[in-house]
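Trainee: File final_22.pdb follows (PDB, C-alpha atoms and all ligand atoms):
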ATOM      1  CA  MET A  22      73.226 239.145  86.836  1.00  0.00           C
ATOM      2  CA  ILE A  23      75.598 237.758  84.235  1.00  0.00           C
ATOM      3  CA  PRO A  24      79.378 237.116  84.601  1.00  0.00           C
ATOM      4  CA  ALA A  25      80.190 240.035  82.251  1.00  0.00           C
ATOM      5  CA  TYR A  26      78.971 242.416  84.974  1.00  0.00           C
ATOM      6  CA  THR A  27      81.568 241.383  87.550  1.00  0.00           C
ATOM      7  CA  ASN A  28      84.473 243.294  89.044  1.00  0.00           C
ATOM      8  CA  PHE A  29      87.913 241.799  89.753  1.00  0.00           C
ATOM      9  CA  GLY A  30      86.576 240.349  93.003  1.00  0.00           C
ATOM     10  CA  GLY A  31      83.933 238.324  91.162  1.00  0.00           C
ATOM     11  CA  LYS A  32      81.010 240.385  92.514  1.00  0.00           C
ATOM     12  CA  ILE A  33      78.693 242.541  90.450  1.00  0.00           C
ATOM     13  CA  HIS A  34      80.225 245.928  89.680  1.00  0.00           C
ATOM     14  CA  GLY A  35      78.711 248.814  91.678  1.00  0.00           C
ATOM     15  CA  GLY A  36      78.645 250.832  88.453  1.00  0.00           C
ATOM     16  CA  ILE A  37      76.338 248.288  86.808  1.00  0.00           C
ATOM     17  CA  LEU A  38      73.873 248.695  89.656  1.00  0.00           C
ATOM     18  CA  LEU A  39      74.174 252.488  89.534  1.00  0.00           C
ATOM     19  CA  SER A  40      73.486 252.438  85.811  1.00  0.00           C
ATOM     20  CA  LEU A  41      70.381 250.288  86.343  1.00  0.00           C
ATOM     21  CA  MET A  42      69.205 252.595  89.135  1.00  0.00           C
ATOM     22  CA  ASP A  43      69.710 255.658  86.950  1.00  0.00           C
ATOM     23  CA  LYS A  44      67.561 254.144  84.206  1.00  0.00           C
ATOM     24  CA  VAL A  45      64.826 253.181  86.657  1.00  0.00           C
ATOM     25  CA  ALA A  46      64.941 256.669  88.201  1.00  0.00           C
ATOM     26  CA  TYR A  47      64.561 258.174  84.737  1.00  0.00           C
ATOM     27  CA  VAL A  48      61.513 256.033  83.922  1.00  0.00           C
ATOM     28  CA  CYS A  49      59.874 256.736  87.265  1.00  0.00           C
ATOM     29  CA  ALA A  50      60.539 260.493  87.178  1.00  0.00           C
ATOM     30  CA  SER A  51      59.628 261.060  83.540  1.00  0.00           C
ATOM     31  CA  LYS A  52      56.389 259.108  83.923  1.00  0.00           C
ATOM     32  CA  HIS A  53      55.330 261.381  86.782  1.00  0.00           C
ATOM     33  CA  ALA A  54      56.638 264.556  85.158  1.00  0.00           C
ATOM     34  CA  GLY A  55      55.251 263.814  81.696  1.00  0.00           C
ATOM     35  CA  ASN A  56      58.549 265.176  80.432  1.00  0.00           C
ATOM     36  CA  TYR A  57      62.139 264.219  79.791  1.00  0.00           C
ATOM     37  CA  CYS A  58      64.122 264.215  83.068  1.00  0.00           C
ATOM     38  CA  VAL A  59      67.839 264.538  83.786  1.00  0.00           C
ATOM     39  CA  THR A  60      69.757 263.185  86.758  1.00  0.00           C
ATOM     40  CA  VAL A  61      71.039 265.951  89.038  1.00  0.00           C
ATOM     41  CA  SER A  62      72.382 264.155  92.079  1.00  0.00           C
ATOM     42  CA  VAL A  63      72.319 260.879  93.945  1.00  0.00           C
ATOM     43  CA  ASP A  64      72.143 260.567  97.731  1.00  0.00           C
ATOM     44  CA  ASN A  65      72.930 257.607  99.934  1.00  0.00           C
ATOM     45  CA  VAL A  66      74.927 255.385  97.611  1.00  0.00           C
ATOM     46  CA  ASN A  67      75.968 252.660 100.048  1.00  0.00           C
ATOM     47  CA  PHE A  68      76.369 249.083  98.925  1.00  0.00           C
ATOM     48  CA  ILE A  69      75.532 247.170 102.074  1.00  0.00           C
ATOM     49  CA  ALA A  70      75.764 243.658 100.608  1.00  0.00           C
ATOM     50  CA  PRO A  71      77.434 242.341  97.457  1.00  0.00           C
ATOM     51  CA  VAL A  72      75.413 241.115  94.484  1.00  0.00           C
ATOM     52  CA  GLU A  73      76.527 237.746  93.108  1.00  0.00           C
ATOM     53  CA  VAL A  74      76.557 236.373  89.576  1.00  0.00           C
ATOM     54  CA  GLY A  75      73.231 234.636  88.981  1.00  0.00           C
ATOM     55  CA  ASP A  76      71.327 236.795  91.481  1.00  0.00           C
ATOM     56  CA  LEU A  77      67.979 238.071  90.306  1.00  0.00           C
ATOM     57  CA  VAL A  78      68.060 241.809  90.966  1.00  0.00           C
ATOM     58  CA  SER A  79      64.861 243.808  91.453  1.00  0.00           C
ATOM     59  CA  LEU A  80      64.599 247.571  91.762  1.00  0.00           C
ATOM     60  CA  LYS A  81      61.569 249.110  93.398  1.00  0.00           C
ATOM     61  CA  ALA A  82      61.128 252.823  92.766  1.00  0.00           C
ATOM     62  CA  SER A  83      58.747 255.569  93.771  1.00  0.00           C
ATOM     63  CA  VAL A  84      58.559 259.328  93.429  1.00  0.00           C
ATOM     64  CA  ASN A  85      59.021 260.374  97.049  1.00  0.00           C
ATOM     65  CA  TYR A  86      59.094 264.131  96.679  1.00  0.00           C
ATOM     66  CA  VAL A  87      58.496 266.855  94.154  1.00  0.00           C
ATOM     67  CA  GLY A  88      59.702 270.432  94.310  1.00  0.00           C
ATOM     68  CA  SER A  89      59.035 272.899  91.553  1.00  0.00           C
ATOM     69  CA  THR A  90      61.048 271.332  88.727  1.00  0.00           C
ATOM     70  CA  SER A  91      62.783 268.559  90.629  1.00  0.00           C
ATOM     71  CA  LEU A  92      61.681 265.130  91.792  1.00  0.00           C
ATOM     72  CA  VAL A  93      63.256 262.701  94.211  1.00  0.00           C
ATOM     73  CA  VAL A  94      63.009 259.041  93.258  1.00  0.00           C
ATOM     74  CA  GLY A  95      63.714 256.513  96.004  1.00  0.00           C
ATOM     75  CA  ILE A  96      65.026 253.168  94.797  1.00  0.00           C
ATOM     76  CA  ARG A  97      65.296 249.986  96.836  1.00  0.00           C
ATOM     77  CA  VAL A  98      67.456 247.241  95.360  1.00  0.00           C
ATOM     78  CA  ILE A  99      67.114 243.601  96.328  1.00  0.00           C
ATOM     79  CA  ALA A 100      69.073 240.595  95.107  1.00  0.00           C
ATOM     80  CA  GLU A 101      67.527 237.145  95.161  1.00  0.00           C
ATOM     81  CA  ASN A 102      69.309 233.816  95.000  1.00  0.00           C
ATOM     82  CA  VAL A 103      66.675 231.776  93.212  1.00  0.00           C
ATOM     83  CA  GLN A 104      68.291 228.406  94.055  1.00  0.00           C
ATOM     84  CA  HIS A 105      68.360 229.038  97.797  1.00  0.00           C
ATOM     85  CA  GLY A 106      65.320 231.301  97.920  1.00  0.00           C
ATOM     86  CA  THR A 107      67.259 233.945  99.860  1.00  0.00           C
ATOM     87  CA  VAL A 108      66.668 237.641  99.390  1.00  0.00           C
ATOM     88  CA  LYS A 109      68.978 240.439 100.489  1.00  0.00           C
ATOM     89  CA  HIS A 110      68.551 244.164 100.504  1.00  0.00           C
ATOM     90  CA  THR A 111      71.650 245.570  98.825  1.00  0.00           C
ATOM     91  CA  ASN A 112      70.919 249.283  98.892  1.00  0.00           C
ATOM     92  CA  THR A 113      68.470 252.144  98.922  1.00  0.00           C
ATOM     93  CA  CYS A 114      69.317 255.457  97.341  1.00  0.00           C
ATOM     94  CA  TYR A 115      67.700 258.669  96.245  1.00  0.00           C
ATOM     95  CA  PHE A 116      67.998 260.196  92.795  1.00  0.00           C
ATOM     96  CA  THR A 117      67.163 263.860  92.294  1.00  0.00           C
ATOM     97  CA  MET A 118      65.940 264.426  88.759  1.00  0.00           C
ATOM     98  CA  VAL A 119      64.914 267.648  87.002  1.00  0.00           C
ATOM     99  CA  ALA A 120      62.186 267.748  84.357  1.00  0.00           C
ATOM    100  CA  LYS A 121      62.904 269.484  81.066  1.00  0.00           C
ATOM    101  CA  ASP A 122      60.588 270.399  78.216  1.00  0.00           C
ATOM    102  CA  SER A 123      61.214 269.758  74.531  1.00  0.00           C
ATOM    103  CA  GLU A 124      63.347 272.933  74.377  1.00  0.00           C
ATOM    104  CA  GLY A 125      65.554 271.676  77.199  1.00  0.00           C
ATOM    105  CA  VAL A 126      64.124 274.274  79.592  1.00  0.00           C
ATOM    106  CA  LYS A 127      63.321 273.261  83.186  1.00  0.00           C
ATOM    107  CA  ALA A 128      59.654 272.344  83.484  1.00  0.00           C
ATOM    108  CA  GLN A 129      57.328 272.360  86.473  1.00  0.00           C
ATOM    109  CA  VAL A 130      56.271 268.932  87.680  1.00  0.00           C
ATOM    110  CA  PRO A 131      52.803 267.927  88.932  1.00  0.00           C
ATOM    111  CA  PRO A 132      52.294 267.803  92.712  1.00  0.00           C
ATOM    112  CA  LEU A 133      52.297 264.484  94.530  1.00  0.00           C
ATOM    113  CA  ILE A 134      49.227 262.916  96.064  1.00  0.00           C
ATOM    114  CA  LEU A 135      50.224 261.294  99.368  1.00  0.00           C
ATOM    115  CA  GLU A 136      47.853 258.411  99.999  1.00  0.00           C
ATOM    116  CA  GLN A 137      49.538 256.506 102.842  1.00  0.00           C
ATOM    117  CA  PRO A 138      51.424 257.426 106.039  1.00  0.00           C
ATOM    118  CA  ASP A 139      54.556 255.966 104.379  1.00  0.00           C
ATOM    119  CA  ASP A 140      54.102 258.382 101.473  1.00  0.00           C
ATOM    120  CA  ILE A 141      54.067 261.268 103.951  1.00  0.00           C
ATOM    121  CA  ARG A 142      57.146 259.886 105.735  1.00  0.00           C
ATOM    122  CA  ARG A 143      59.041 259.575 102.447  1.00  0.00           C
ATOM    123  CA  PHE A 144      58.045 263.079 101.351  1.00  0.00           C
ATOM    124  CA  ALA A 145      59.043 264.626 104.700  1.00  0.00           C
ATOM    125  CA  SER A 146      62.313 262.609 104.743  1.00  0.00           C
ATOM    126  CA  ALA A 147      63.221 263.866 101.277  1.00  0.00           C
ATOM    127  CA  LEU A 148      62.499 267.435 102.316  1.00  0.00           C
ATOM    128  CA  ARG A 149      64.666 266.939 105.417  1.00  0.00           C
ATOM    129  CA  ARG A 150      67.517 265.508 103.305  1.00  0.00           C
ATOM    130  CA  ARG A 151      67.221 268.447 100.906  1.00  0.00           C
ATOM    131  CA  THR A 152      67.581 270.943 103.778  1.00  0.00           C
ATOM    132  CA  LEU A 153      70.474 269.026 105.366  1.00  0.00           C
ATOM    133  CA  ARG A 154      72.269 268.707 102.016  1.00  0.00           C
ATOM    134  CA  SER A 155      71.944 272.396 101.409  1.00  0.00           C
ATOM    135  CA  ASN A 156      73.375 273.170 104.890  1.00  0.00           C
ATOM    136  CA  VAL A 157      76.273 270.739 104.410  1.00  0.00           C
ATOM    137  CA  SER A 158      76.979 272.128 100.976  1.00  0.00           C
ATOM    138  CA  LYS A 159      77.103 275.706 102.286  1.00  0.00           C
ATOM    139  CA  ARG A 160      79.323 274.759 105.258  1.00  0.00           C
ATOM    140  CA  MET A 161      81.732 272.771 103.076  1.00  0.00           C
ATOM    141  CA  GLN A 162      81.957 275.701 100.656  1.00  0.00           C
ATOM    142  CA  ASP A 163      82.803 278.024 103.588  1.00  0.00           C
ATOM    143  CA  PHE A 164      85.345 275.491 104.875  1.00  0.00           C
ATOM    144  CA  LYS A 165      87.041 275.390 101.470  1.00  0.00           C
ATOM    145  CA  THR A 166      87.017 279.169 101.016  1.00  0.00           C
ATOM    146  CA  ASP A 167      88.369 279.918 104.497  1.00  0.00           C
ATOM    147  CA  PHE A 168      90.815 277.013 104.641  1.00  0.00           C
ATOM    148  CA  GLU A 169      94.299 277.605 105.954  1.00  0.00           C
ATOM    149  CA  VAL A 170      96.725 275.293 107.694  1.00  0.00           C
ATOM    150  CA  ASN A 171      96.469 276.667 111.229  1.00  0.00           C
ATOM    151  CA  ASP A 172      96.484 275.215 114.773  1.00  0.00           C
ATOM    152  CA  GLU A 173      92.768 274.472 114.611  1.00  0.00           C
ATOM    153  CA  VAL A 174      93.226 272.339 111.501  1.00  0.00           C
ATOM    154  CA  ARG A 175      96.312 270.650 112.950  1.00  0.00           C
ATOM    155  CA  ASP A 176      94.329 269.781 116.105  1.00  0.00           C
ATOM    156  CA  PHE A 177      91.389 268.592 114.050  1.00  0.00           C
ATOM    157  CA  ILE A 178      93.420 265.956 112.226  1.00  0.00           C
ATOM    158  CA  ALA A 179      95.925 265.307 115.025  1.00  0.00           C
ATOM    159  CA  ASP A 180      94.652 261.821 115.897  1.00  0.00           C
ATOM    160  CA  GLN A 181      94.081 260.754 112.296  1.00  0.00           C
ATOM    161  CA  ARG A 182      96.292 258.374 110.339  1.00  0.00           C
ATOM    162  CA  CYS A 183      98.378 261.018 108.626  1.00  0.00           C
ATOM    163  CA  GLU A 184     101.546 262.979 109.198  1.00  0.00           C
ATOM    164  CA  ILE A 185     102.038 266.588 108.165  1.00  0.00           C
ATOM    165  CA  ASN A 186     105.256 266.981 106.213  1.00  0.00           C
ATOM    166  CA  LEU A 187     104.910 270.152 104.158  1.00  0.00           C
ATOM    167  CA  VAL A 188     107.304 270.576 101.247  1.00  0.00           C
ATOM    168  CA  ASP A 189     107.947 273.745  99.210  1.00  0.00           C
TER     169      ASP A 189
HETATM  170  C1  LIG B 201      70.387 270.263  87.034  1.00  0.00           C
HETATM  171  C2  LIG B 201      70.174 271.537  86.270  1.00  0.00           C
HETATM  172  C3  LIG B 201      68.863 271.443  85.522  1.00  0.00           C
HETATM  173  C4  LIG B 201      70.093 272.657  87.308  1.00  0.00           C
HETATM  174  O1  LIG B 201      69.959 273.843  86.597  1.00  0.00           O
HETATM  175  P1  LIG B 201      69.857 275.260  87.346  1.00  0.00           P
HETATM  176  O2  LIG B 201      69.468 276.276  86.345  1.00  0.00           O
HETATM  177  O3  LIG B 201      71.087 275.474  88.151  1.00  0.00           O
HETATM  178  O4  LIG B 201      68.599 274.990  88.202  1.00  0.00           O
HETATM  179  P2  LIG B 201      68.121 275.400  89.640  1.00  0.00           P
HETATM  180  O5  LIG B 201      69.176 275.884  90.557  1.00  0.00           O
HETATM  181  O6  LIG B 201      66.924 276.269  89.404  1.00  0.00           O
HETATM  182  O7  LIG B 201      67.644 273.971  90.151  1.00  0.00           O
HETATM  183  C5  LIG B 201      66.550 273.306  89.539  1.00  0.00           C
HETATM  184  C6  LIG B 201      66.028 272.303  90.546  1.00  0.00           C
HETATM  185  O8  LIG B 201      67.047 271.317  90.782  1.00  0.00           O
HETATM  186  C7  LIG B 201      67.371 271.293  92.167  1.00  0.00           C
HETATM  187  N1  LIG B 201      68.808 271.067  92.253  1.00  0.00           N
HETATM  188  C8  LIG B 201      69.785 271.756  91.634  1.00  0.00           C
HETATM  189  N2  LIG B 201      70.984 271.244  91.959  1.00  0.00           N
HETATM  190  C9  LIG B 201      70.745 270.217  92.795  1.00  0.00           C
HETATM  191  C10 LIG B 201      71.574 269.273  93.464  1.00  0.00           C
HETATM  192  N3  LIG B 201      72.908 269.282  93.348  1.00  0.00           N
HETATM  193  N4  LIG B 201      70.986 268.334  94.227  1.00  0.00           N
HETATM  194  C11 LIG B 201      69.654 268.288  94.361  1.00  0.00           C
HETATM  195  N5  LIG B 201      68.799 269.156  93.732  1.00  0.00           N
HETATM  196  C12 LIG B 201      69.354 270.104  92.974  1.00  0.00           C
HETATM  197  C13 LIG B 201      66.985 272.646  92.711  1.00  0.00           C
HETATM  198  O9  LIG B 201      66.722 272.603  94.093  1.00  0.00           O
HETATM  199  C14 LIG B 201      65.723 272.918  91.905  1.00  0.00           C
HETATM  200  O10 LIG B 201      64.630 272.215  92.443  1.00  0.00           O
HETATM  201  P3  LIG B 201      63.134 272.809  92.416  1.00  0.00           P
HETATM  202  O11 LIG B 201      62.884 273.396  91.063  1.00  0.00           O
HETATM  203  O12 LIG B 201      62.273 271.621  92.648  1.00  0.00           O
HETATM  204  O13 LIG B 201      63.063 273.811  93.506  1.00  0.00           O
HETATM  205  C15 LIG B 201      71.343 271.797  85.292  1.00  0.00           C
HETATM  206  O14 LIG B 201      72.513 272.021  86.043  1.00  0.00           O
HETATM  207  C16 LIG B 201      71.573 270.636  84.356  1.00  0.00           C
HETATM  208  O15 LIG B 201      70.879 270.524  83.347  1.00  0.00           O
HETATM  209  N6  LIG B 201      72.583 269.790  84.667  1.00  0.00           N
HETATM  210  C17 LIG B 201      72.915 268.652  83.815  1.00  0.00           C
HETATM  211  C18 LIG B 201      72.099 267.445  84.178  1.00  0.00           C
HETATM  212  C19 LIG B 201      72.412 266.288  83.290  1.00  0.00           C
HETATM  213  O16 LIG B 201      72.631 266.445  82.112  1.00  0.00           O
HETATM  214  N7  LIG B 201      72.420 265.099  83.872  1.00  0.00           N
HETATM  215  C20 LIG B 201      72.734 263.909  83.152  1.00  0.00           C
HETATM  216  C21 LIG B 201      73.961 263.275  83.708  1.00  0.00           C
HETATM  217  S1  LIG B 201      75.392 263.771  82.824  1.00  0.00           S
END
Go through the file and emit its structure as structure tokens.
Mentor:
Amino acid sequence: MIPAYTNFGGKIHGGILLSLMDKVAYVCASKHAGNYCVTVSVDNVNFIAPVEVGDLVSLKASVNYVGSTSLVVGIRVIAENVQHGTVKHTNTCYFTMVAKDSEGVKAQVPPLILEQPDDIRRFASALRRRTLRSNVSKRMQDFKTDFEVNDEVRDFIADQRCEINLVD
């Protein structure tokens, strides 16, 4: 990682890592799909350790799940300090990509062959995340649609670090 990639704190910008991950996800997904792929969503973007200037960053990716036209690519990022020989895991996240044909129309992707117990675990985990995300999405949509400032909402945020002071 070069100094031009740093943020104001002198660490590598999260956006640089996201951009690298997006490119790796594209390569991984399009190779499996045999088609152009677009990024649809990214799950689990947590930076658990900072990446320093000079670190050697490696991204390990695999297609964990395929639906009909979508694929989930899992990416594990590690940063290595080559002088000290230390390696740290900085994050793991999951890119959902959709395959498109040359007309830009969604295209079916080939099924996955699961060869190891870990492959099965990753596939099942991705399916679980997909179901949970869909439930959360639906519940948040309902929350937004039905939202009103009532006693239930006031109680819900009562012990949070905010003060209600409505103005006209
Ligand atoms: C993503 C896109 C193809 C979805 O189009 P759509 O007609 O609404 O498609 P569908 O609802 O049929 O979804 C297609 C697949 O994507 C999945 N999908 C759609 N939205 C999703 C989301 N937010 N998260 C995860 N998966 C999603 C669906 O589950 C479906 O999977 P499946 O075919 O494996 O069952 C379309 O919105 C698009 O092209 N978006 C722009 C993507 C892009 O340009 N990205 C680059 C970054 S700017």
Trainee: Carefully work through the PyMOL selection byres (((not hetatm)) within 6 of (chain B and resi 201)) for this structure and note down the residues it includes, as a list in words.
Mentor: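 Applied to this file, the PyMOL selection byres (((not hetatm)) within 6 of (chain B and resi 201)) selects Val59, Thr60, Val61, Ser62, Gly88, Ser89, Thr90, Ser91, Thr117 and Val119 of chain A.
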Trainee: Which of these, A:Asp64, A:Glu101, A:Asp76, A:Asp176, has the shortest distance to A:Thr27 once you count all atoms listed in the file?
Mentor: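 Of A:Asp64, A:Glu101, A:Asp76, A:Asp176, the one nearest A:Thr27 is A:Asp76, counting all atoms listed in the file.
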Trainee: Suppose you want the space between atom CA of A:Glu184 and atom CA of A:Val157; what is it in Å?
Mentor: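 Separation between atom CA of A:Glu184 and atom CA of A:Val157: 26.9 Å.
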Trainee: Which residues come within 6 Å of A:Tyr57, counting only C-alpha atoms, excluding same-chain residues fewer than 2 positions away, as a list in words?
Mentor: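 Here the qualifying residues turn out to be Ser51, Ala120 and Lys121 of chain A.
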Trainee: Could you tell me, as a PyMOL selection string, exactly which residues end up selected when the PyMOL selection byres (((chain A and resi 63) around 12) and not hetatm) is applied to this structure?
Mentor: chain A and resi 39-40+42-43+46+59-62+64-67+92-96+113-118+150-151+154
Trainee: Could you tell me which residues the PyMOL selection byres (((chain A and resi 132) around 9) and not hetatm) returns for this structure, as a PyMOL selection string?
Mentor: chain A and resi 86-89+130-131+133-134
Trainee: I need the residue nearest A:Val98 from this list: A:Gly125, A:Pro138, A:Gly35, A:Gly55. Use only C-alpha atoms for the distance.
Mentor: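 Ranking A:Gly125, A:Pro138, A:Gly35, A:Gly55 by distance to A:Val98, first place goes to A:Gly35.
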Trainee: Identify which of the residues A:Ile185, A:Leu38, A:Cys58, A:Leu135 lies closest to A:Asn171, counting only C-alpha atoms when measuring atom-to-atom distances.
Mentor: A:Ile185
Trainee: My list of candidates is A:Val103, A:Ala54, A:Leu187, A:Ile178. Which is closest to A:Asp122 when distances are computed with all atoms listed in the file?
Mentor: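 Closest to A:Asp122 of all the choices is A:Ala54.
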Trainee: With distances taken over all atoms listed in the file, which of A:Gly75, A:Val84, A:Met22, A:Ala50 is nearest to A:Ile141?
Mentor: A:Val84
Trainee: Of the residues A:Asn85, A:Val48, A:Lys32, A:Asn56, which is the one nearest to A:Glu124, using all atoms listed in the file?
Mentor: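 Among the listed residues, A:Asn56 lies closest to A:Glu124.
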Trainee: Just add N, CA and C atoms to stretch 45-66 of chain A and send it as a compact mmCIF listing (two decimals), keeping the file's coordinate frame.
Mentor:
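Output below, filename result.txt:
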# COMPACT_ATOMS: atom_id res chain seq x y z
N VAL A 45 66.11 253.33 85.97
CA VAL A 45 64.83 253.18 86.66
C VAL A 45 64.35 254.55 87.17
N ALA A 46 65.29 255.33 87.70
CA ALA A 46 64.94 256.67 88.20
C ALA A 46 64.39 257.52 87.06
N TYR A 47 65.02 257.41 85.90
CA TYR A 47 64.56 258.17 84.74
C TYR A 47 63.12 257.80 84.38
N VAL A 48 62.86 256.49 84.31
CA VAL A 48 61.51 256.03 83.92
C VAL A 48 60.48 256.53 84.93
N CYS A 49 60.81 256.37 86.20
CA CYS A 49 59.87 256.74 87.26
C CYS A 49 59.60 258.25 87.25
N ALA A 50 60.68 259.03 87.14
CA ALA A 50 60.54 260.49 87.18
C ALA A 50 59.83 261.01 85.93
N SER A 51 60.21 260.51 84.77
CA SER A 51 59.63 261.06 83.54
C SER A 51 58.16 260.67 83.42
N LYS A 52 57.80 259.51 83.97
CA LYS A 52 56.39 259.11 83.92
C LYS A 52 55.55 260.08 84.76
N HIS A 53 56.07 260.43 85.94
CA HIS A 53 55.33 261.38 86.78
C HIS A 53 55.33 262.78 86.16
N ALA A 54 56.49 263.18 85.66
CA ALA A 54 56.64 264.56 85.16
C ALA A 54 55.93 264.75 83.81
N GLY A 55 55.80 263.67 83.05
CA GLY A 55 55.25 263.81 81.70
C GLY A 55 56.23 264.54 80.80
N ASN A 56 57.49 264.49 81.16
CA ASN A 56 58.55 265.18 80.43
C ASN A 56 59.84 264.38 80.53
N TYR A 57 60.79 264.76 79.69
CA TYR A 57 62.14 264.22 79.79
C TYR A 57 62.73 264.68 81.13
N CYS A 58 63.50 263.82 81.80
CA CYS A 58 64.12 264.21 83.07
C CYS A 58 65.62 263.93 83.03
N VAL A 59 66.39 264.77 83.69
CA VAL A 59 67.84 264.54 83.79
C VAL A 59 68.21 264.26 85.24
N THR A 60 69.26 263.48 85.41
CA THR A 60 69.76 263.18 86.76
C THR A 60 70.59 264.37 87.26
N VAL A 61 70.28 264.83 88.47
CA VAL A 61 71.04 265.95 89.04
C VAL A 61 72.00 265.48 90.12
N SER A 62 71.50 264.64 91.02
CA SER A 62 72.38 264.15 92.08
C SER A 62 71.83 262.84 92.65
N VAL A 63 72.72 262.16 93.33
CA VAL A 63 72.32 260.88 93.94
C VAL A 63 72.76 260.89 95.40
N ASP A 64 71.83 260.62 96.30
CA ASP A 64 72.14 260.57 97.73
C ASP A 64 72.13 259.13 98.21
N ASN A 65 72.98 258.87 99.19
CA ASN A 65 72.93 257.61 99.93
C ASN A 65 73.36 256.39 99.12
N VAL A 66 74.44 256.54 98.37
CA VAL A 66 74.93 255.38 97.61
C VAL A 66 75.81 254.55 98.53
